[in-house]
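Have a look at the structure below before the remarks.
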Amino acid sequence: MSQVLRERALACRSVQRRFRGFGSTCNRPHNRRPHVTTPAQDLHIQHLHLQDRLRPATRTAAATIGLHNQRISAQTVRNRLREAHLHARHPHRGLDLTAGRRRNRLEWANAHIRRCLALWRGVLFTNESWFSLYRADGRQRVWRRVGERFADVSIVDRVAHGGGGVMVWAGVCYGQRTQVHFIDGILNAQRYCDETLRPIFVPFIHDHHVMLQHDNARPHVTRICTQFLEAENIPVLAWPAYSPDMSPIEHVWDALDQRIRQRIPVPANIQQLHTAIEEEWTNIP
């Protein structure tokens with residue numbers, strides 16, 4: 001009982017000191033900015049941005065009225081979202097996978113999941129890839145102190161349009177690879193047949209008896225290309241739409257790009273880039 005009385009006496013003295021010092025029993029003033037939004041508005045702001053993940057904070061601020069009919073700032077919106085552990089980050093650039101496309105990819109995977117290894121060894125995975133002379137691939141890092149973000153030692157020069165580059169076509173299968181073919185200009189169905197399939201792929205398939213895999217890019221699925229493959233009796237592996245990332249050759253392109261960037265010296269012009277691609281393509285184990 002005495003403990004309760006002692007706590008009450010301390011509380012009363014605290015209230016008396018607050019009243020004598022500030023003329024009021026309200027909480028003491030503080031240096032923090034007062035909230036201009038109510039808890040209900042905070043939840044509404046979070047709900048808006050969870051419904052539309054690309055919604056800018058400025059739009060929410062313009063449509064929200066805070067306490068005492070005050071306009072709120074975009075920074076206030078960001079603060080409320082940060083309190084809910086929602087942070088603004090660069091979106092991932094991915095394929096436009098609708099529900100139907102996801103379903104088609106899953107059906108294709110389920111239909112081929114029981115395919116034995118011997119059959120997969122008989123598939124030649126082909127594709128085109130663009131290699132820029134200068135490219136920021138996100139792997140490069142710089143060691144710097146606080147405040148050195150814009151120091152000369154912390155800046156990597158960026159060349160407009162990557163300084164040029166080359167388009168490459170090639171194919172890989174189990175234990176084998178085709179030669180690389182450099183494509184100048186725009187690739188259409190006729191060039192795809194005349195420059196890659198007829199001189200490179202047809203002899204390769206006759207020697208190794210493999211099935212062709214290519215994605216559903218426009219030059220690959222036109223009538224000219226389809227009729228050519230039928231005339232040559234070349235089997236084609238059915239491939240789901242919007243699924244270039246499912247092909248293992250994408251990993252080979254990434255490995256080739258890393259080997260090119262690690263060369264000493266790094267290619268400085270298009271001709272050196274040509275040479276580096278040809279050499280590193282044959283050196284990939």
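Here, A, B, ... name the chains of the structure tokens in the order displayed, residue numbers run from 1 inside each chain, and ligands are numbered from 1 in the same displayed order.
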Residues at most 8 Å from segment 114-128 of chain A, counting only C-alpha atoms, excluding those fewer than 5 positions away in the same chain, as an mmCIF file with all heavy atoms, in the first residue's frame?
data_model
loop_
_atom_site.group_PDB
_atom_site.id
_atom_site.type_symbol
_atom_site.label_atom_id
_atom_site.label_comp_id
_atom_site.auth_asym_id
_atom_site.auth_seq_id
_atom_site.Cartn_x
_atom_site.Cartn_y
_atom_site.Cartn_z
ATOM 1 N N MET A 167 25.806 -8.059 -82.441
ATOM 2 C CA MET A 167 24.799 -9.079 -82.211
ATOM 3 C C MET A 167 25.390 -10.429 -82.606
ATOM 4 O O MET A 167 25.981 -10.567 -83.684
ATOM 5 C CB MET A 167 23.544 -8.790 -83.019
ATOM 6 C CG MET A 167 22.448 -9.834 -82.873
ATOM 7 S SD MET A 167 21.659 -9.768 -81.266
ATOM 8 C CE MET A 167 20.642 -8.306 -81.467
ATOM 9 N N VAL A 168 25.230 -11.418 -81.717
ATOM 10 C CA VAL A 168 25.851 -12.720 -81.914
ATOM 11 C C VAL A 168 24.781 -13.805 -81.874
ATOM 12 O O VAL A 168 23.881 -13.771 -81.025
ATOM 13 C CB VAL A 168 26.926 -12.991 -80.831
ATOM 14 C CG1 VAL A 168 27.539 -14.370 -81.009
ATOM 15 C CG2 VAL A 168 28.004 -11.925 -80.868
ATOM 16 N N TRP A 169 24.873 -14.766 -82.808
ATOM 17 C CA TRP A 169 24.022 -15.967 -82.771
ATOM 18 C C TRP A 169 24.918 -17.172 -82.560
ATOM 19 O O TRP A 169 26.010 -17.266 -83.129
ATOM 20 C CB TRP A 169 23.256 -16.122 -84.079
ATOM 21 C CG TRP A 169 22.416 -17.381 -84.119
ATOM 22 C CD1 TRP A 169 21.108 -17.498 -83.782
ATOM 23 C CD2 TRP A 169 22.839 -18.692 -84.537
ATOM 24 N NE1 TRP A 169 20.674 -18.786 -83.936
ATOM 25 C CE2 TRP A 169 21.723 -19.558 -84.397
ATOM 26 C CE3 TRP A 169 24.037 -19.220 -84.984
ATOM 27 C CZ2 TRP A 169 21.780 -20.916 -84.709
ATOM 28 C CZ3 TRP A 169 24.111 -20.573 -85.279
ATOM 29 C CH2 TRP A 169 22.981 -21.405 -85.151
ATOM 30 N N ALA A 170 24.430 -18.107 -81.738
ATOM 31 C CA ALA A 170 25.168 -19.350 -81.520
ATOM 32 C C ALA A 170 24.225 -20.359 -80.884
ATOM 33 O O ALA A 170 23.095 -20.042 -80.499
ATOM 34 C CB ALA A 170 26.396 -19.121 -80.636
ATOM 35 N N GLY A 171 24.686 -21.596 -80.771
ATOM 36 C CA GLY A 171 23.902 -22.663 -80.169
ATOM 37 C C GLY A 171 24.786 -23.584 -79.352
ATOM 38 O O GLY A 171 25.978 -23.748 -79.650
ATOM 39 N N VAL A 172 24.195 -24.179 -78.306
ATOM 40 C CA VAL A 172 24.924 -25.113 -77.448
ATOM 41 C C VAL A 172 24.054 -26.333 -77.200
ATOM 42 O O VAL A 172 22.828 -26.248 -77.133
ATOM 43 C CB VAL A 172 25.313 -24.471 -76.099
ATOM 44 C CG1 VAL A 172 26.313 -23.353 -76.295
ATOM 45 C CG2 VAL A 172 24.078 -23.958 -75.369
ATOM 46 N N CYS A 173 24.703 -27.472 -77.073
ATOM 47 C CA CYS A 173 24.034 -28.700 -76.646
ATOM 48 C C CYS A 173 25.018 -29.448 -75.775
ATOM 49 O O CYS A 173 26.113 -28.953 -75.486
ATOM 50 C CB CYS A 173 23.558 -29.535 -77.836
ATOM 51 S SG CYS A 173 24.881 -30.151 -78.888
ATOM 52 N N TYR A 174 24.650 -30.649 -75.371
ATOM 53 C CA TYR A 174 25.484 -31.402 -74.430
ATOM 54 C C TYR A 174 26.830 -31.749 -75.081
ATOM 55 O O TYR A 174 26.884 -32.538 -76.016
ATOM 56 C CB TYR A 174 24.760 -32.670 -73.990
ATOM 57 C CG TYR A 174 25.477 -33.427 -72.910
ATOM 58 C CD1 TYR A 174 25.339 -33.056 -71.573
ATOM 59 C CD2 TYR A 174 26.306 -34.503 -73.221
ATOM 60 C CE1 TYR A 174 25.994 -33.747 -70.571
ATOM 61 C CE2 TYR A 174 26.969 -35.195 -72.222
ATOM 62 C CZ TYR A 174 26.812 -34.815 -70.906
ATOM 63 O OH TYR A 174 27.476 -35.500 -69.917
ATOM 64 N N HIS A 209 22.822 -34.920 -85.100
ATOM 65 C CA HIS A 209 21.453 -35.433 -84.966
ATOM 66 C C HIS A 209 20.766 -34.847 -83.723
ATOM 67 O O HIS A 209 20.398 -35.566 -82.789
ATOM 68 C CB HIS A 209 21.454 -36.964 -84.893
ATOM 69 C CG HIS A 209 22.173 -37.605 -86.033
ATOM 70 N ND1 HIS A 209 21.660 -37.655 -87.313
ATOM 71 C CD2 HIS A 209 23.401 -38.217 -86.085
ATOM 72 C CE1 HIS A 209 22.510 -38.274 -88.097
ATOM 73 N NE2 HIS A 209 23.575 -38.615 -87.390
ATOM 74 N N VAL A 210 20.614 -33.554 -83.722
ATOM 75 C CA VAL A 210 19.998 -32.863 -82.587
ATOM 76 C C VAL A 210 18.704 -32.183 -83.026
ATOM 77 O O VAL A 210 18.421 -32.041 -84.227
ATOM 78 C CB VAL A 210 20.960 -31.812 -81.989
ATOM 79 C CG1 VAL A 210 22.171 -32.477 -81.364
ATOM 80 C CG2 VAL A 210 21.395 -30.798 -83.044
ATOM 81 N N MET A 211 17.944 -31.763 -82.042
ATOM 82 C CA MET A 211 16.691 -31.046 -82.252
ATOM 83 C C MET A 211 16.938 -29.561 -82.009
ATOM 84 O O MET A 211 17.696 -29.179 -81.120
ATOM 85 C CB MET A 211 15.622 -31.575 -81.283
ATOM 86 C CG MET A 211 14.293 -30.828 -81.327
ATOM 87 S SD MET A 211 13.145 -31.392 -80.044
ATOM 88 C CE MET A 211 12.902 -33.095 -80.561
ATOM 89 N N LEU A 212 16.283 -28.710 -82.790
ATOM 90 C CA LEU A 212 16.474 -27.269 -82.672
ATOM 91 C C LEU A 212 15.561 -26.696 -81.596
ATOM 92 O O LEU A 212 14.385 -27.043 -81.499
ATOM 93 C CB LEU A 212 16.174 -26.593 -84.021
ATOM 94 C CG LEU A 212 16.143 -25.055 -84.008
ATOM 95 C CD1 LEU A 212 17.523 -24.488 -83.701
ATOM 96 C CD2 LEU A 212 15.627 -24.515 -85.349
ATOM 97 N N GLN A 213 16.132 -25.828 -80.789
ATOM 98 C CA GLN A 213 15.343 -25.019 -79.866
ATOM 99 C C GLN A 213 15.659 -23.562 -80.109
ATOM 100 O O GLN A 213 16.819 -23.149 -80.094
ATOM 101 C CB GLN A 213 15.657 -25.366 -78.411
ATOM 102 C CG GLN A 213 14.843 -24.574 -77.375
ATOM 103 C CD GLN A 213 15.383 -23.171 -77.099
ATOM 104 O OE1 GLN A 213 16.583 -22.930 -77.173
ATOM 105 N NE2 GLN A 213 14.499 -22.236 -76.789
ATOM 106 N N HIS A 214 14.644 -22.775 -80.378
ATOM 107 C CA HIS A 214 14.773 -21.325 -80.400
ATOM 108 C C HIS A 214 13.489 -20.736 -79.834
ATOM 109 O O HIS A 214 12.444 -21.385 -79.808
ATOM 110 C CB HIS A 214 15.089 -20.777 -81.801
ATOM 111 C CG HIS A 214 14.139 -21.204 -82.870
ATOM 112 N ND1 HIS A 214 14.380 -21.029 -84.214
ATOM 113 C CD2 HIS A 214 12.916 -21.804 -82.809
ATOM 114 C CE1 HIS A 214 13.360 -21.500 -84.914
ATOM 115 N NE2 HIS A 214 12.462 -21.972 -84.088
ATOM 116 N N ASP A 215 13.571 -19.491 -79.374
ATOM 117 C CA ASP A 215 12.403 -18.899 -78.736
ATOM 118 C C ASP A 215 11.414 -18.425 -79.798
ATOM 119 O O ASP A 215 11.567 -18.702 -80.991
ATOM 120 C CB ASP A 215 12.831 -17.755 -77.796
ATOM 121 C CG ASP A 215 13.619 -16.671 -78.522
ATOM 122 O OD1 ASP A 215 13.448 -16.525 -79.749
ATOM 123 O OD2 ASP A 215 14.409 -15.970 -77.861
ATOM 124 N N LEU A 237 11.835 -28.081 -81.008
ATOM 125 C CA LEU A 237 11.261 -28.243 -79.681
ATOM 126 C C LEU A 237 10.262 -27.123 -79.432
ATOM 127 O O LEU A 237 10.602 -25.938 -79.525
ATOM 128 C CB LEU A 237 12.359 -28.214 -78.617
ATOM 129 C CG LEU A 237 11.912 -28.306 -77.155
ATOM 130 C CD1 LEU A 237 11.277 -29.668 -76.877
ATOM 131 C CD2 LEU A 237 13.084 -28.059 -76.214
ATOM 132 N N SER A 247 15.835 -20.887 -71.220
ATOM 133 C CA SER A 247 16.833 -21.581 -72.029
ATOM 134 C C SER A 247 18.197 -21.549 -71.343
ATOM 135 O O SER A 247 18.645 -20.491 -70.889
ATOM 136 C CB SER A 247 16.943 -20.935 -73.409
ATOM 137 O OG SER A 247 17.988 -21.532 -74.164
ATOM 138 N N PRO A 248 18.895 -22.683 -71.268
ATOM 139 C CA PRO A 248 20.219 -22.699 -70.616
ATOM 140 C C PRO A 248 21.277 -21.895 -71.361
ATOM 141 O O PRO A 248 22.320 -21.592 -70.785
ATOM 142 C CB PRO A 248 20.575 -24.184 -70.571
ATOM 143 C CG PRO A 248 19.735 -24.827 -71.611
ATOM 144 C CD PRO A 248 18.469 -24.031 -71.683
ATOM 145 N N ILE A 249 21.024 -21.527 -72.601
ATOM 146 C CA ILE A 249 22.048 -20.752 -73.316
ATOM 147 C C ILE A 249 22.197 -19.363 -72.703
ATOM 148 O O ILE A 249 23.237 -18.710 -72.867
ATOM 149 C CB ILE A 249 21.717 -20.652 -74.823
ATOM 150 C CG1 ILE A 249 22.963 -20.190 -75.597
ATOM 151 C CG2 ILE A 249 20.538 -19.722 -75.063
ATOM 152 C CD1 ILE A 249 22.790 -20.175 -77.096
#
### Message
So that I can see what lies close to segment 89-97 of chain A, please list as a list in words the residues with an atom at most 9 Å from it, counting only C-alpha atoms and leaving out residues fewer than 4 positions away in the same chain.
### Response
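Here the qualifying residues turn out to be Leu54, Arg101, Arg102, Tyr242, Ser243 and Asp245 of chain A.
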Based on the selection just made, write C-alpha atoms of those residues as an mmCIF file, in the first residue's frame.
data_model
loop_
_atom_site.group_PDB
_atom_site.id
_atom_site.type_symbol
_atom_site.label_atom_id
_atom_site.label_comp_id
_atom_site.auth_asym_id
_atom_site.auth_seq_id
_atom_site.Cartn_x
_atom_site.Cartn_y
_atom_site.Cartn_z
ATOM 1 C CA LEU A 54 4.272 2.341 -58.803
ATOM 2 C CA ARG A 101 1.574 -16.965 -69.889
ATOM 3 C CA ARG A 102 2.486 -18.220 -66.431
ATOM 4 C CA TYR A 242 7.728 -15.119 -73.314
ATOM 5 C CA SER A 243 10.197 -17.663 -71.953
ATOM 6 C CA ASP A 245 14.917 -17.001 -69.596
#
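Within 10 Å of Asn269 of chain A, once only C-alpha atoms are used and residues closer than 2 positions along the same chain are dropped, the contacting residues are Leu133, Tyr134, Gly163, Gly164, Gly165, Val266, Pro267, Gln271, Gln272, Leu273 and His274 of chain A.
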File dump, residues just selected, C-alpha atoms, as a PDB file, in the first residue's frame:
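Saved result, result.pdb, follows:
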ATOM      1  CA  LEU A 133      31.714  -2.542 -75.939  1.00  0.00           C
ATOM      2  CA  TYR A 134      31.153  -0.736 -72.629  1.00  0.00           C
ATOM      3  CA  GLY A 163      30.176   2.611 -77.360  1.00  0.00           C
ATOM      4  CA  GLY A 164      28.622   0.302 -79.944  1.00  0.00           C
ATOM      5  CA  GLY A 165      28.398  -3.456 -79.942  1.00  0.00           C
ATOM      6  CA  VAL A 266      39.562  -5.140 -72.082  1.00  0.00           C
ATOM      7  CA  PRO A 267      38.421  -4.798 -75.738  1.00  0.00           C
ATOM      8  CA  GLN A 271      37.233  -5.447 -83.911  1.00  0.00           C
ATOM      9  CA  GLN A 272      38.817  -6.354 -80.581  1.00  0.00           C
ATOM     10  CA  LEU A 273      35.361  -7.233 -79.268  1.00  0.00           C
ATOM     11  CA  HIS A 274      34.862  -9.566 -82.256  1.00  0.00           C
TER      12      HIS A 274
END
### Query
Nearest to His181 of chain A: which of A:Trp130, A:Phe228, A:Phe19, A:Trp143 is it, counting only C-alpha atoms?
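The shortest atom-to-atom distance to His181 of chain A comes from A:Trp130.
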### Message
Residues near Ile260 of chain A, anyone? I mean within 7 Å using only C-alpha atoms, not counting same-chain ones fewer than 2 positions away, as a ChimeraX atom specification.
### Response
/A:256-258,262-263,276-277,280
### Message
Could you go through segment 89-260 of chain A and tell me which residues DSSP, when run on the backbone, assigns to helix (DSSP H, G or I), listing them as number ranges by chain?
### Response
A: 99-112, 117-120, 152-154, 160-163, 189-208, 218-221, 223-231, 244-246, 249-260
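Residues surrounding Gln46 of chain A within 9 Å are A:Gln41, A:Asp42, A:Leu43, A:His44, A:Leu48, A:His49, A:Leu50, A:Gln51, A:Val77, A:Arg80, A:Leu81, A:Ala84, A:Leu86 [only C-alpha atoms; sequence separation below 2 positions excluded].
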### Query
Distance atom CA of Ala57 of chain A-atom CA of Ala74 of chain A, one decimal place?
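Atom CA of Ala57 of chain A sits 5.2 Å away from atom CA of Ala74 of chain A.
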